[in-house]
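K.L.:
So I've got this file, upload.pdb, and it contains PDB, C-alpha atoms:
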```pdb
ATOM      1  CA  MET A1302      -7.146  28.988   4.415
ATOM      2  CA  GLU A1303      -9.700  27.117   6.446
ATOM      3  CA  LYS A1304      -8.506  25.289   9.505
ATOM      4  CA  THR A1305      -8.664  21.543   9.669
ATOM      5  CA  LYS A1306     -12.121  20.246  10.384
ATOM      6  CA  ASP A1307     -12.850  17.708  13.036
ATOM      7  CA  ILE A1308     -12.563  14.074  12.043
ATOM      8  CA  ALA A1309     -15.918  12.425  11.239
ATOM      9  CA  VAL A1310     -15.996   9.011  12.891
ATOM     10  CA  ASN A1311     -18.046   6.264  11.232
ATOM     11  CA  PRO A1312     -18.817   3.579  13.837
ATOM     12  CA  GLU A1313     -19.087   0.900  11.146
ATOM     13  CA  LEU A1314     -15.614   1.584   9.801
ATOM     14  CA  ASP A1315     -13.679   3.068  12.694
ATOM     15  CA  LEU A1316     -12.455   2.160  16.165
ATOM     16  CA  VAL A1317     -12.551   4.611  19.047
ATOM     17  CA  LEU A1318     -10.933   4.416  22.449
ATOM     18  CA  GLU A1319     -11.837   7.040  25.091
ATOM     19  CA  ARG A1320     -10.254   7.424  28.501
ATOM     20  CA  ILE A1321     -10.039  10.068  31.188
ATOM     21  CA  LEU A1322      -6.414  10.346  32.285
ATOM     22  CA  PRO A1323      -5.162  11.876  35.565
ATOM     23  CA  VAL A1324      -2.422  13.827  33.781
ATOM     24  CA  THR A1325      -2.268  16.984  31.680
ATOM     25  CA  ARG A1326      -2.708  17.336  27.917
ATOM     26  CA  GLN A1327       0.847  18.637  27.757
ATOM     27  CA  GLN A1328       2.192  15.501  29.443
ATOM     28  CA  VAL A1329       0.273  13.165  27.135
ATOM     29  CA  PHE A1330       1.367  15.085  24.064
ATOM     30  CA  LYS A1331       4.973  14.907  25.206
ATOM     31  CA  ALA A1332       4.700  11.174  25.935
ATOM     32  CA  TRP A1333       3.438  10.635  22.385
ATOM     33  CA  THR A1334       5.964  12.852  20.628
ATOM     34  CA  THR A1335       9.231  12.392  22.506
ATOM     35  CA  PRO A1336      10.889   9.215  21.152
ATOM     36  CA  SER A1337      12.826   8.507  24.364
ATOM     37  CA  SER A1338       9.545   8.491  26.293
ATOM     38  CA  PHE A1339       7.389   6.936  23.579
ATOM     39  CA  LYS A1340       9.710   3.920  23.468
ATOM     40  CA  ASN A1341       9.034   3.269  27.155
ATOM     41  CA  TRP A1342       5.286   2.816  26.902
ATOM     42  CA  PHE A1343       3.966   2.325  23.351
ATOM     43  CA  CYS A1344       4.345  -1.487  23.258
ATOM     44  CA  PRO A1345       2.560  -3.865  25.615
ATOM     45  CA  ARG A1346       5.416  -5.295  27.701
ATOM     46  CA  PRO A1347       7.463  -7.489  27.394
ATOM     47  CA  TRP A1348       7.525  -6.203  23.809
ATOM     48  CA  THR A1349       9.626  -3.090  23.318
ATOM     49  CA  VAL A1350      10.006  -0.262  20.816
ATOM     50  CA  SER A1351      13.525  -0.456  19.403
ATOM     51  CA  GLU A1352      13.192   2.564  17.099
ATOM     52  CA  ALA A1353      10.923   5.603  17.014
ATOM     53  CA  ILE A1354      11.201   8.287  14.345
ATOM     54  CA  GLN A1355       8.734  11.131  14.761
ATOM     55  CA  GLU A1356       9.077  14.062  12.405
ATOM     56  CA  LEU A1357       6.426  16.352  13.807
ATOM     57  CA  HIS A1358       5.184  18.130  10.715
ATOM     58  CA  PRO A1359       2.791  17.207   7.886
ATOM     59  CA  GLY A1360       4.685  14.859   5.599
ATOM     60  CA  GLY A1361       7.138  13.837   8.319
ATOM     61  CA  ALA A1362       8.011  10.200   8.941
ATOM     62  CA  PHE A1363       6.314   8.365  11.793
ATOM     63  CA  ILE A1364       8.163   5.085  12.135
ATOM     64  CA  THR A1365       7.875   2.664  15.025
ATOM     65  CA  THR A1366       9.843  -0.556  15.150
ATOM     66  CA  MET A1367       8.469  -3.013  17.681
ATOM     67  CA  GLN A1368      10.599  -5.831  19.030
ATOM     68  CA  SER A1369       9.347  -9.155  20.319
ATOM     69  CA  PRO A1370      10.792 -10.649  23.530
ATOM     70  CA  GLU A1371      12.668 -13.061  21.222
ATOM     71  CA  GLY A1372      14.347 -10.101  19.511
ATOM     72  CA  GLN A1373      12.406 -10.116  16.240
ATOM     73  CA  SER A1374      11.820  -6.667  14.732
ATOM     74  CA  PHE A1375       8.527  -5.428  13.267
ATOM     75  CA  PRO A1376       8.939  -2.038  11.600
ATOM     76  CA  ASN A1377       5.799   0.057  11.087
ATOM     77  CA  ASP A1378       6.234   2.805   8.583
ATOM     78  CA  GLY A1379       3.968   5.842   8.641
ATOM     79  CA  CYS A1380       3.545   9.524   7.868
ATOM     80  CA  VAL A1381       2.496  12.464  10.028
ATOM     81  CA  LEU A1382      -0.562  14.273   8.626
ATOM     82  CA  GLU A1383      -1.345  16.853  11.278
ATOM     83  CA  VAL A1384       0.127  18.164  14.512
ATOM     84  CA  ILE A1385      -1.549  20.625  16.877
ATOM     85  CA  GLU A1386       0.618  20.905  19.978
ATOM     86  CA  ASN A1387      -1.060  19.467  23.111
ATOM     87  CA  GLU A1388      -4.286  18.873  21.146
ATOM     88  CA  LYS A1389      -4.029  16.567  18.201
ATOM     89  CA  LEU A1390      -1.704  14.181  16.394
ATOM     90  CA  VAL A1391      -2.713  12.490  13.151
ATOM     91  CA  PHE A1392      -0.639   9.919  11.287
ATOM     92  CA  THR A1393      -1.298   7.205   8.723
ATOM     93  CA  SER A1394       0.061   3.782   7.832
ATOM     94  CA  THR A1395      -0.686   4.375   4.135
ATOM     95  CA  MET A1396       2.219   6.760   3.503
ATOM     96  CA  THR A1397       5.765   7.400   4.583
ATOM     97  CA  ARG A1398       8.032  10.473   4.665
ATOM     98  CA  GLY A1399       7.100  13.166   2.129
ATOM     99  CA  PHE A1400       3.513  11.880   1.733
ATOM    100  CA  ARG A1401       4.801   8.963  -0.354
ATOM    101  CA  PRO A1402       2.148   6.221  -0.647
ATOM    102  CA  ILE A1403       3.220   2.808   0.672
ATOM    103  CA  GLN A1404       1.691  -0.642   0.620
ATOM    104  CA  SER A1405       0.254  -1.245   4.076
ATOM    105  CA  HIS A1406      -0.991  -4.580   5.391
ATOM    106  CA  LEU A1407      -3.407  -2.572   7.529
ATOM    107  CA  PRO A1408      -4.322   0.768   5.971
ATOM    108  CA  PHE A1409      -5.501   3.155   8.670
ATOM    109  CA  THR A1410      -5.193   6.691   9.919
ATOM    110  CA  ALA A1411      -4.726   7.276  13.646
ATOM    111  CA  VAL A1412      -6.029  10.370  15.415
ATOM    112  CA  ILE A1413      -4.969  11.168  18.980
ATOM    113  CA  LYS A1414      -7.191  13.871  20.458
ATOM    114  CA  LEU A1415      -6.520  15.577  23.789
ATOM    115  CA  GLU A1416      -9.136  17.695  25.571
ATOM    116  CA  ASP A1417      -9.295  19.315  28.973
ATOM    117  CA  HIS A1418     -11.313  17.432  31.582
ATOM    118  CA  PRO A1419     -12.047  18.213  35.265
ATOM    119  CA  GLN A1420     -10.061  15.100  36.240
ATOM    120  CA  GLY A1421      -7.199  15.794  33.860
ATOM    121  CA  THR A1422      -7.388  14.947  30.184
ATOM    122  CA  LYS A1423      -9.954  13.359  27.931
ATOM    123  CA  TYR A1424      -7.903  11.075  25.713
ATOM    124  CA  THR A1425      -9.422   9.827  22.452
ATOM    125  CA  ALA A1426      -7.627   7.487  20.063
ATOM    126  CA  ILE A1427      -9.377   6.870  16.754
ATOM    127  CA  ALA A1428      -8.413   4.420  14.019
ATOM    128  CA  ILE A1429      -9.968   5.264  10.646
ATOM    129  CA  HIS A1430     -10.277   2.472   8.079
ATOM    130  CA  GLN A1431     -11.296   2.271   4.469
ATOM    131  CA  ASP A1432     -13.964  -0.358   5.063
ATOM    132  CA  ALA A1433     -15.642  -2.579   7.660
ATOM    133  CA  ALA A1434     -13.150  -5.360   6.924
ATOM    134  CA  GLY A1435     -10.275  -3.066   7.908
ATOM    135  CA  ARG A1436     -12.039  -2.217  11.156
ATOM    136  CA  LYS A1437     -12.592  -5.926  11.874
ATOM    137  CA  THR A1438      -8.997  -6.890  11.148
ATOM    138  CA  HIS A1439      -7.667  -4.099  13.342
ATOM    139  CA  SER A1440     -10.053  -5.025  16.141
ATOM    140  CA  GLU A1441      -9.056  -8.685  15.948
ATOM    141  CA  MET A1442      -5.401  -7.652  16.038
ATOM    142  CA  GLY A1443      -6.269  -6.157  19.409
ATOM    143  CA  PHE A1444      -6.543  -2.413  18.791
ATOM    144  CA  GLU A1445      -8.819  -1.725  21.768
ATOM    145  CA  GLN A1446      -6.973  -4.072  24.103
ATOM    146  CA  GLY A1447      -3.459  -3.163  22.986
ATOM    147  CA  TRP A1448      -3.925   0.592  22.783
ATOM    148  CA  GLY A1449      -5.836   0.444  26.072
ATOM    149  CA  MET A1450      -3.058  -1.446  27.874
ATOM    150  CA  VAL A1451      -0.383   0.944  26.746
ATOM    151  CA  ILE A1452      -2.357   3.924  28.021
ATOM    152  CA  ASP A1453      -1.778   2.583  31.524
ATOM    153  CA  GLN A1454       1.921   2.221  30.732
ATOM    154  CA  MET A1455       1.943   5.793  29.430
ATOM    155  CA  VAL A1456       0.337   7.209  32.583
ATOM    156  CA  GLU A1457       2.787   5.187  34.700
ATOM    157  CA  GLU A1458       5.665   6.590  32.615
ATOM    158  CA  ILE A1459       4.363  10.151  33.037
ATOM    159  CA  LYS A1460       3.939   9.677  36.810
ATOM    160  CA  LYS A1461       7.521   8.479  37.094
ATOM    161  CA  GLY A1462       8.389  12.016  36.101
ATOM    162  CA  THR A1463      10.846  10.928  33.460
ATOM    163  CA  ILE A1464       9.017  12.924  30.743
TER     164      ILE A1464
ATOM    165  CA  MET B1391       5.814  22.693  15.738
ATOM    166  CA  GLU B1392       8.159  22.475  12.788
ATOM    167  CA  LYS B1393       6.889  23.695   9.458
ATOM    168  CA  THR B1394       6.406  21.281   6.602
ATOM    169  CA  LYS B1395       9.617  20.317   4.902
ATOM    170  CA  ASP B1396      10.076  20.417   1.187
ATOM    171  CA  ILE B1397       9.075  17.321  -0.728
ATOM    172  CA  ALA B1398      12.004  15.039  -1.627
ATOM    173  CA  VAL B1399      11.608  13.957  -5.247
ATOM    174  CA  ASN B1400      12.982  10.561  -6.267
ATOM    175  CA  PRO B1401      13.457  10.529 -10.050
ATOM    176  CA  GLU B1402      13.049   6.764 -10.186
ATOM    177  CA  LEU B1403       9.656   6.851  -8.493
ATOM    178  CA  ASP B1404       8.243  10.277  -9.244
ATOM    179  CA  LEU B1405       7.151  12.406 -12.197
ATOM    180  CA  VAL B1406       7.917  16.109 -12.382
ATOM    181  CA  LEU B1407       6.557  18.744 -14.739
ATOM    182  CA  GLU B1408       8.111  22.231 -14.696
ATOM    183  CA  ARG B1409       6.903  25.252 -16.627
ATOM    184  CA  ILE B1410       7.367  28.992 -16.529
ATOM    185  CA  LEU B1411       3.960  30.629 -16.809
ATOM    186  CA  PRO B1412       3.252  34.252 -17.825
ATOM    187  CA  VAL B1413       0.780  34.729 -14.984
ATOM    188  CA  THR B1414       1.032  35.346 -11.242
ATOM    189  CA  ARG B1415       1.240  32.771  -8.444
ATOM    190  CA  GLN B1416      -2.042  34.137  -7.119
ATOM    191  CA  GLN B1417      -3.789  33.521 -10.443
ATOM    192  CA  VAL B1418      -2.507  29.956 -10.714
ATOM    193  CA  PHE B1419      -3.468  29.184  -7.124
ATOM    194  CA  LYS B1420      -6.958  30.550  -7.760
ATOM    195  CA  ALA B1421      -7.294  28.545 -10.985
ATOM    196  CA  TRP B1422      -6.431  25.381  -9.042
ATOM    197  CA  THR B1423      -8.634  26.042  -6.032
ATOM    198  CA  THR B1424     -11.791  27.682  -7.400
ATOM    199  CA  PRO B1425     -14.079  24.888  -8.655
ATOM    200  CA  SER B1426     -15.867  27.093 -11.220
ATOM    201  CA  SER B1427     -12.493  27.897 -12.795
ATOM    202  CA  PHE B1428     -10.860  24.506 -12.237
ATOM    203  CA  LYS B1429     -13.684  22.841 -14.190
ATOM    204  CA  ASN B1430     -12.861  24.971 -17.224
ATOM    205  CA  TRP B1431      -9.280  23.814 -17.674
ATOM    206  CA  PHE B1432      -8.354  20.664 -15.705
ATOM    207  CA  CYS B1433      -9.422  18.132 -18.383
ATOM    208  CA  PRO B1434      -7.905  17.970 -21.849
ATOM    209  CA  ARG B1435     -10.801  19.037 -24.097
ATOM    210  CA  PRO B1436     -13.231  17.697 -25.304
ATOM    211  CA  TRP B1437     -13.335  15.962 -21.911
ATOM    212  CA  THR B1438     -14.879  18.056 -19.179
ATOM    213  CA  VAL B1439     -14.954  18.193 -15.390
ATOM    214  CA  SER B1440     -18.544  17.659 -14.285
ATOM    215  CA  GLU B1441     -17.857  17.937 -10.546
ATOM    216  CA  ALA B1442     -15.093  19.483  -8.449
ATOM    217  CA  ILE B1443     -15.097  19.379  -4.655
ATOM    218  CA  GLN B1444     -12.140  21.140  -3.075
ATOM    219  CA  GLU B1445     -12.103  21.426   0.690
ATOM    220  CA  LEU B1446      -8.992  23.501   1.180
ATOM    221  CA  HIS B1447      -7.707  22.214   4.504
ATOM    222  CA  PRO B1448      -5.749  19.133   5.587
ATOM    223  CA  GLY B1449      -8.206  16.241   5.582
ATOM    224  CA  GLY B1450     -10.597  17.971   3.171
ATOM    225  CA  ALA B1451     -12.040  16.160   0.186
ATOM    226  CA  PHE B1452     -10.487  16.706  -3.236
ATOM    227  CA  ILE B1453     -12.862  15.104  -5.708
ATOM    228  CA  THR B1454     -12.781  15.554  -9.463
ATOM    229  CA  THR B1455     -15.282  13.850 -11.743
ATOM    230  CA  MET B1456     -14.171  13.811 -15.348
ATOM    231  CA  GLN B1457     -16.629  13.290 -18.151
ATOM    232  CA  SER B1458     -15.905  11.804 -21.551
ATOM    233  CA  PRO B1459     -17.342  13.392 -24.726
ATOM    234  CA  GLU B1460     -19.791  10.444 -24.749
ATOM    235  CA  GLY B1461     -21.052  11.462 -21.310
ATOM    236  CA  GLN B1462     -19.407   8.725 -19.224
ATOM    237  CA  SER B1463     -18.334   9.831 -15.725
ATOM    238  CA  PHE B1464     -14.995   9.010 -14.084
ATOM    239  CA  PRO B1465     -14.929  10.126 -10.456
ATOM    240  CA  ASN B1466     -11.526  10.588  -8.825
ATOM    241  CA  ASP B1467     -11.650  10.681  -5.071
ATOM    242  CA  GLY B1468      -8.882  12.344  -3.087
ATOM    243  CA  CYS B1469      -7.864  14.144   0.079
ATOM    244  CA  VAL B1470      -6.140  17.468   0.654
ATOM    245  CA  LEU B1471      -2.934  17.118   2.679
ATOM    246  CA  GLU B1472      -1.499  20.612   2.685
ATOM    247  CA  VAL B1473      -2.442  24.089   1.541
ATOM    248  CA  ILE B1474      -0.182  27.138   1.580
ATOM    249  CA  GLU B1475      -2.011  29.945  -0.179
ATOM    250  CA  ASN B1476      -0.372  30.977  -3.480
ATOM    251  CA  GLU B1477       2.534  28.587  -2.823
ATOM    252  CA  LYS B1478       1.640  24.966  -2.466
ATOM    253  CA  LEU B1479      -1.217  22.485  -2.783
ATOM    254  CA  VAL B1480      -0.781  18.831  -1.865
ATOM    255  CA  PHE B1481      -3.419  16.133  -2.300
ATOM    256  CA  THR B1482      -3.460  12.361  -2.572
ATOM    257  CA  SER B1483      -5.477   9.672  -4.330
ATOM    258  CA  THR B1484      -4.933   7.254  -1.436
ATOM    259  CA  MET B1485      -7.404   8.902   0.954
ATOM    260  CA  THR B1486     -10.682  10.743   0.957
ATOM    261  CA  ARG B1487     -12.349  13.264   3.308
ATOM    262  CA  GLY B1488     -11.165  13.020   6.917
ATOM    263  CA  PHE B1489      -7.894  11.265   5.986
ATOM    264  CA  ARG B1490      -9.836   8.028   5.376
ATOM    265  CA  PRO B1491      -7.753   5.510   3.397
ATOM    266  CA  ILE B1492      -9.306   4.404   0.095
ATOM    267  CA  GLN B1493      -8.430   1.790  -2.478
ATOM    268  CA  SER B1494      -6.862   3.642  -5.392
ATOM    269  CA  HIS B1495      -6.121   2.157  -8.815
ATOM    270  CA  LEU B1496      -3.233   4.610  -9.009
ATOM    271  CA  PRO B1497      -1.862   5.536  -5.589
ATOM    272  CA  PHE B1498      -0.065   8.883  -5.803
ATOM    273  CA  THR B1499       0.355  12.188  -4.054
ATOM    274  CA  ALA B1500       0.296  15.358  -6.148
ATOM    275  CA  VAL B1501       2.267  18.462  -5.217
ATOM    276  CA  ILE B1502       1.653  21.772  -6.995
ATOM    277  CA  LYS B1503       4.433  24.251  -6.213
ATOM    278  CA  LEU B1504       4.340  27.917  -7.193
ATOM    279  CA  GLU B1505       7.429  30.150  -7.081
ATOM    280  CA  ASP B1506       8.123  33.667  -8.251
ATOM    281  CA  HIS B1507       9.980  33.935 -11.558
ATOM    282  CA  PRO B1508      11.133  36.989 -13.566
ATOM    283  CA  GLN B1509       8.694  35.997 -16.338
ATOM    284  CA  GLY B1510       5.826  35.243 -13.984
ATOM    285  CA  THR B1511       5.558  31.982 -12.096
ATOM    286  CA  LYS B1512       7.632  28.837 -11.907
ATOM    287  CA  TYR B1513       5.042  26.066 -11.882
ATOM    288  CA  THR B1514       6.038  22.599 -10.677
ATOM    289  CA  ALA B1515       3.679  19.634 -10.610
ATOM    290  CA  ILE B1516       5.021  16.514  -8.921
ATOM    291  CA  ALA B1517       3.426  13.077  -8.760
ATOM    292  CA  ILE B1518       4.843  10.921  -5.954
ATOM    293  CA  HIS B1519       4.444   7.141  -6.258
ATOM    294  CA  GLN B1520       5.128   4.200  -4.016
ATOM    295  CA  ASP B1521       7.321   2.413  -6.549
ATOM    296  CA  ALA B1522       8.765   2.533 -10.062
ATOM    297  CA  ALA B1523       5.767   0.583 -11.379
ATOM    298  CA  GLY B1524       3.432   3.338 -10.147
ATOM    299  CA  ARG B1525       5.565   5.937 -11.906
ATOM    300  CA  LYS B1526       5.513   3.910 -15.141
ATOM    301  CA  THR B1527       1.748   3.387 -15.052
ATOM    302  CA  HIS B1528       1.116   7.066 -14.423
ATOM    303  CA  SER B1529       3.507   8.058 -17.185
ATOM    304  CA  GLU B1530       1.865   5.664 -19.647
ATOM    305  CA  MET B1531      -1.534   7.070 -18.663
ATOM    306  CA  GLY B1532      -0.153  10.354 -19.950
ATOM    307  CA  PHE B1533       0.744  12.339 -16.826
ATOM    308  CA  GLU B1534       3.336  14.562 -18.554
ATOM    309  CA  GLN B1535       1.284  15.021 -21.713
ATOM    310  CA  GLY B1536      -2.092  15.429 -20.006
ATOM    311  CA  TRP B1537      -0.980  17.700 -17.177
ATOM    312  CA  GLY B1538       1.127  19.640 -19.704
ATOM    313  CA  MET B1539      -1.794  20.191 -22.074
ATOM    314  CA  VAL B1540      -4.070  21.435 -19.351
ATOM    315  CA  ILE B1541      -1.511  24.000 -18.221
ATOM    316  CA  ASP B1542      -2.036  25.742 -21.544
ATOM    317  CA  GLN B1543      -5.801  25.598 -20.984
ATOM    318  CA  MET B1544      -5.274  27.016 -17.486
ATOM    319  CA  VAL B1545      -3.206  29.963 -18.752
ATOM    320  CA  GLU B1546      -5.816  30.595 -21.453
ATOM    321  CA  GLU B1547      -8.538  30.534 -18.807
ATOM    322  CA  ILE B1548      -6.591  32.967 -16.608
ATOM    323  CA  LYS B1549      -5.969  35.314 -19.573
ATOM    324  CA  LYS B1550      -9.695  35.370 -20.362
ATOM    325  CA  GLY B1551      -9.975  37.179 -17.045
ATOM    326  CA  THR B1552     -12.760  34.949 -15.813
ATOM    327  CA  ILE B1553     -10.816  33.987 -12.688
TER     328      ILE B1553
END
```
Take the structure in the file and give it back as C-alpha cells.

P.N.:
Amino acid sequence: MEKTKDIAVNPELDLVLERILPVTRQQVFKAWTTPSSFKNWFCPRPWTVSEAIQELHPGGAFITTMQSPEGQSFPNDGCVLEVIENEKLVFTSTMTRGFRPIQSHLPFTAVIKLEDHPQGTKYTAIAIHQDAAGRKTHSEMGFEQGWGMVIDQMVEEIKKGTI
Amino acid sequence: MEKTKDIAVNPELDLVLERILPVTRQQVFKAWTTPSSFKNWFCPRPWTVSEAIQELHPGGAFITTMQSPEGQSFPNDGCVLEVIENEKLVFTSTMTRGFRPIQSHLPFTAVIKLEDHPQGTKYTAIAIHQDAAGRKTHSEMGFEQGWGMVIDQMVEEIKKGTI
C-alpha cells in the first residue's frame, strides 16, 4: 500500500500556524499525546482541560473537554485519523470513535506536523475546512491566537520537565 | 503506535451485509481497489460507473461517479481512511482528498472486511452512521439490496478472470 501523502493546504480554506520551538520533536509529540501533560497546556489559562481521551490509532477517539473558570464544561468530540510517532498527528471534529460521523458545529481536520530544525523543532498546526466560511469562523473563534498561546504553555510545560 | 482496533458496530445506527463468497480475499480486494474492475461491478446494471478514483492510502480520494441509463452523472466524493491489503478497506462520504471535510447528503463510513472462510471468503460490508435517521435513510435508499446485488456482479466479474 502507498504511504500517506502530505496534506495539501489551500490558503483560502485552511489555517496554518508555524513556529520554531526550542524543544525536541519527541517532547512535542509526547506533550500532545500524553493526557496528563496535554491537560496542563492545551487550554489558554485560566481555562482548563478536565478530560482528555486520546486513542492513538486510526479510528481512535480524540476527546477534549474544556472547562471555563466558572466550571462550565465544553466537550469536543473527535477521531484520530493518522499517527506517525514524533512526526505527525491528524484528527478530525467530524467523526468520533470508530470513524463514526458526528454533527460538528465546526467541521475541521487538524494536522500537527513536527520536523527537525537547527534550533529544535519546526512545529506546524494546520486546520483544514470544507469551505472559506469554515476557515473564517475558525479564525474568528481565535484559532491562530488560541493555538499560538497554548504553544507557549506547552513549551513551558516541557521545560518544567514534567513530561 | 497501537494498531487500528476493530470497528464497533451499533445495530441501531449501522447497516451490515455479510456474505460467503466462492472467491479469495485477494480477488475481492483487487475487485474493490482496481478502478478498471470496480467500474464493471459496483453499480447495479444498467447503471454504470463512469469514473473511479481510488487513492489507496489514508487521506486519499475515493470518488465514484455513477451514471444512469439516461446518461445523467451522480458523483460521490469520499476519502480513504484505512487500507489493509486483502483484509480491510475503510472510506467515508464525510471527507474528500487530504481529510478535508465535505458536506454529504448521507454521512457514513463504509468498512469492507475480508476474512478467510472454508468456502472462500467471508465478506462483510458495514455502513456506519451518525444516528438512527442516517441508518434509516441509507436503508431506504437500498443499501442492503443495492450492495447485495453488486456482490453478485463482483463475483461474476472475478469469475470471468478479467481481474

K.L.:
List, as a PyMOL selection string, every residue that the PyMOL selection byres ((chain A) within 9 of (chain B)) selects in the file provided.

P.N.:
chain A and resi 1302-1310+1356-1361+1382-1386+1391+1393+1395-1396+1398-1404+1408-1410+1429-1432

K.L.:
Find the spatial neighbours of Ser1427 of chain B, counting only C-alpha atoms, within a cut-off of 9 Å - ignore same-chain residues fewer than 3 positions away - and output them as an MDAnalysis selection string.

P.N.:
chainID B and resid 1420:1424 1430:1432 1544 1547:1548 1552:1553

K.L.:
So what does the PyMOL selection byres ((chain B and resi 1503-1516) around 9) actually pick up in this one, as a PDB file with C-alpha atoms, keeping the file's coordinate frame?

P.N.:
```pdb
ATOM      1  CA  VAL B1399      11.608  13.957  -5.247  1.00  0.00           C
ATOM      2  CA  ASP B1404       8.243  10.277  -9.244  1.00  0.00           C
ATOM      3  CA  LEU B1405       7.151  12.406 -12.197  1.00  0.00           C
ATOM      4  CA  VAL B1406       7.917  16.109 -12.382  1.00  0.00           C
ATOM      5  CA  LEU B1407       6.557  18.744 -14.739  1.00  0.00           C
ATOM      6  CA  GLU B1408       8.111  22.231 -14.696  1.00  0.00           C
ATOM      7  CA  ARG B1409       6.903  25.252 -16.627  1.00  0.00           C
ATOM      8  CA  ILE B1410       7.367  28.992 -16.529  1.00  0.00           C
ATOM      9  CA  LEU B1411       3.960  30.629 -16.809  1.00  0.00           C
ATOM     10  CA  PRO B1412       3.252  34.252 -17.825  1.00  0.00           C
ATOM     11  CA  VAL B1413       0.780  34.729 -14.984  1.00  0.00           C
ATOM     12  CA  THR B1414       1.032  35.346 -11.242  1.00  0.00           C
ATOM     13  CA  ARG B1415       1.240  32.771  -8.444  1.00  0.00           C
ATOM     14  CA  GLN B1416      -2.042  34.137  -7.119  1.00  0.00           C
ATOM     15  CA  VAL B1418      -2.507  29.956 -10.714  1.00  0.00           C
ATOM     16  CA  PHE B1419      -3.468  29.184  -7.124  1.00  0.00           C
ATOM     17  CA  ASN B1476      -0.372  30.977  -3.480  1.00  0.00           C
ATOM     18  CA  GLU B1477       2.534  28.587  -2.823  1.00  0.00           C
ATOM     19  CA  LYS B1478       1.640  24.966  -2.466  1.00  0.00           C
ATOM     20  CA  LEU B1479      -1.217  22.485  -2.783  1.00  0.00           C
ATOM     21  CA  VAL B1480      -0.781  18.831  -1.865  1.00  0.00           C
ATOM     22  CA  THR B1499       0.355  12.188  -4.054  1.00  0.00           C
ATOM     23  CA  ALA B1500       0.296  15.358  -6.148  1.00  0.00           C
ATOM     24  CA  VAL B1501       2.267  18.462  -5.217  1.00  0.00           C
ATOM     25  CA  ILE B1502       1.653  21.772  -6.995  1.00  0.00           C
ATOM     26  CA  ALA B1517       3.426  13.077  -8.760  1.00  0.00           C
ATOM     27  CA  ILE B1518       4.843  10.921  -5.954  1.00  0.00           C
ATOM     28  CA  TRP B1537      -0.980  17.700 -17.177  1.00  0.00           C
TER      29      TRP B1537
END
```

K.L.:
Just how far from atom CA of Asp1378 of chain A is atom CA of Ile1364 of chain A, in Å to one decimal?

P.N.:
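For atom CA of Ile1364 of chain A relative to atom CA of Asp1378 of chain A, the distance reads 4.6 Å.
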
K.L.:
Grab the atom CA of Ser1374 of chain A to atom CA of Ser1351 of chain A distance for me, in Å with one decimal place.

P.N.:
8.0 Å

K.L.:
Evaluated on this file, the PyMOL selection byres ((chain B and resi 1464) around 12) picks out some residues - which ones are they, written as a list in words?

P.N.:
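Those residues are Cys1433, Trp1437, Thr1438, Val1439, Ser1440, Glu1441, Ala1442, Ile1453, Thr1454, Thr1455, Met1456, Gln1457, Ser1458, Pro1459, Glu1460, Gly1461, Gln1462, Ser1463, Pro1465, Asn1466 and Asp1467 of chain B.
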